[in-house]
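J.: Dropping the structure in here first, questions after.
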Amino acid sequence: MTGMDTLNGYQVIKARTPQAELDKLFAALRNVTQGKAKVHAAFAEYAPVPPEIQKKLSDEYLKEEVV
């Protein structure tokens, strides 16, 4: 379901990304398009978090608990 199409002279990019990464994606698209990009996001599915990200999130949570 990832890909790039053309619609009425515009490039349409379809991709799946974790919710936590959407802000970075939106910022990158705005930078690349000089603020002209229009973005639509819709929830697709729940999916397991990769182990390396689980570890990172767990470590961040434990740091907050100590403080």
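By order of appearance in the structure tokens: chains A, B, ..., then residues from 1 within every chain, and ligands from 1 in the order shown.
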Can you pull out every residue within 10 Å of stretch 16-19 of chain A, counting only C-alpha atoms, but drop anything in the same chain fewer than 3 positions away, and send it as an MDAnalysis selection string?

T.: chainID A and resid 1:3 22:23 25 41:47 49

J.: Could you find all residues in chain A that DSSP calls strand (DSSP E or B) from the backbone, and write them as a PyMOL selection string?

T.: chain A and resi 3-7+10-14

J.: Check chain A with DSSP on the backbone and list each residue it calls alpha helix (DSSP H), as a PyMOL selection string.

T.: chain A and resi 22-32+51-66

J.: To one decimal place, how far is atom CA of A:Glu21 from atom CA of A:Lys55 in Å?

T.: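 Answer for the atom CA of A:Glu21 to atom CA of A:Lys55 separation: 16.8 Å.
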
J.: Rounded to one decimal, what separation in Å do you get between atom CA of A:Pro48 and atom CA of A:Ala20?

T.: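 These atoms are spaced 13.3 Å apart.
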
J.: Report, in Å to a single decimal, how far apart atom CA of A:Lys36 and atom CA of A:Leu7 are.

T.: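 Between atom CA of A:Leu7 and atom CA of A:Lys36 the gap is 15.7 Å.
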
J.: I'd like the contact shell of A:Phe26 - 10 Å cut-off, only C-alpha atoms, skipping same-chain residues fewer than 6 positions apart - returned as an mmCIF file with all heavy atoms, in the first residue's frame.

T.:
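Just written: part.cif:
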```
data_model
loop_
_atom_site.group_PDB
_atom_site.id
_atom_site.type_symbol
_atom_site.label_atom_id
_atom_site.label_comp_id
_atom_site.auth_asym_id
_atom_site.auth_seq_id
_atom_site.Cartn_x
_atom_site.Cartn_y
_atom_site.Cartn_z
ATOM 1 N N VAL A 32 10.189 19.906 2.230
ATOM 2 C CA VAL A 32 10.477 19.500 0.855
ATOM 3 C C VAL A 32 9.604 20.247 -0.140
ATOM 4 O O VAL A 32 10.048 20.582 -1.236
ATOM 5 C CB VAL A 32 10.287 17.970 0.700
ATOM 6 C CG1 VAL A 32 10.313 17.541 -0.742
ATOM 7 C CG2 VAL A 32 11.343 17.228 1.490
ATOM 8 N N GLY A 35 6.196 24.189 2.092
ATOM 9 C CA GLY A 35 4.933 24.491 2.756
ATOM 10 C C GLY A 35 3.685 24.285 1.921
ATOM 11 O O GLY A 35 2.594 24.631 2.347
ATOM 12 N N ALA A 37 2.568 21.255 0.687
ATOM 13 C CA ALA A 37 1.990 19.913 0.791
ATOM 14 C C ALA A 37 0.706 19.922 1.599
ATOM 15 O O ALA A 37 0.562 20.661 2.563
ATOM 16 C CB ALA A 37 2.994 18.958 1.440
ATOM 17 N N LYS A 38 -0.227 19.096 1.189
ATOM 18 C CA LYS A 38 -1.435 18.841 1.961
ATOM 19 C C LYS A 38 -1.321 17.401 2.452
ATOM 20 O O LYS A 38 -0.996 16.503 1.679
ATOM 21 C CB LYS A 38 -2.685 19.014 1.106
ATOM 22 C CG LYS A 38 -2.937 20.453 0.713
ATOM 23 C CD LYS A 38 -4.249 20.590 -0.013
ATOM 24 C CE LYS A 38 -4.459 22.040 -0.408
ATOM 25 N NZ LYS A 38 -5.731 22.216 -1.107
ATOM 26 N N VAL A 39 -1.614 17.202 3.723
ATOM 27 C CA VAL A 39 -1.424 15.885 4.324
ATOM 28 C C VAL A 39 -2.736 15.388 4.882
ATOM 29 O O VAL A 39 -3.476 16.137 5.519
ATOM 30 C CB VAL A 39 -0.366 15.943 5.456
ATOM 31 C CG1 VAL A 39 -0.173 14.590 6.077
ATOM 32 C CG2 VAL A 39 0.945 16.486 4.924
ATOM 33 N N HIS A 40 -3.028 14.129 4.629
ATOM 34 C CA HIS A 40 -4.193 13.472 5.205
ATOM 35 C C HIS A 40 -3.693 12.206 5.890
ATOM 36 O O HIS A 40 -2.986 11.408 5.284
ATOM 37 C CB HIS A 40 -5.207 13.097 4.129
ATOM 38 C CG HIS A 40 -6.308 12.237 4.640
ATOM 39 N ND1 HIS A 40 -7.318 12.731 5.432
ATOM 40 C CD2 HIS A 40 -6.543 10.926 4.497
ATOM 41 C CE1 HIS A 40 -8.134 11.743 5.743
ATOM 42 N NE2 HIS A 40 -7.683 10.634 5.184
ATOM 43 N N ALA A 41 -4.038 12.041 7.151
ATOM 44 C CA ALA A 41 -3.631 10.851 7.897
ATOM 45 C C ALA A 41 -4.872 10.142 8.408
ATOM 46 O O ALA A 41 -5.828 10.784 8.851
ATOM 47 C CB ALA A 41 -2.734 11.237 9.062
#
```
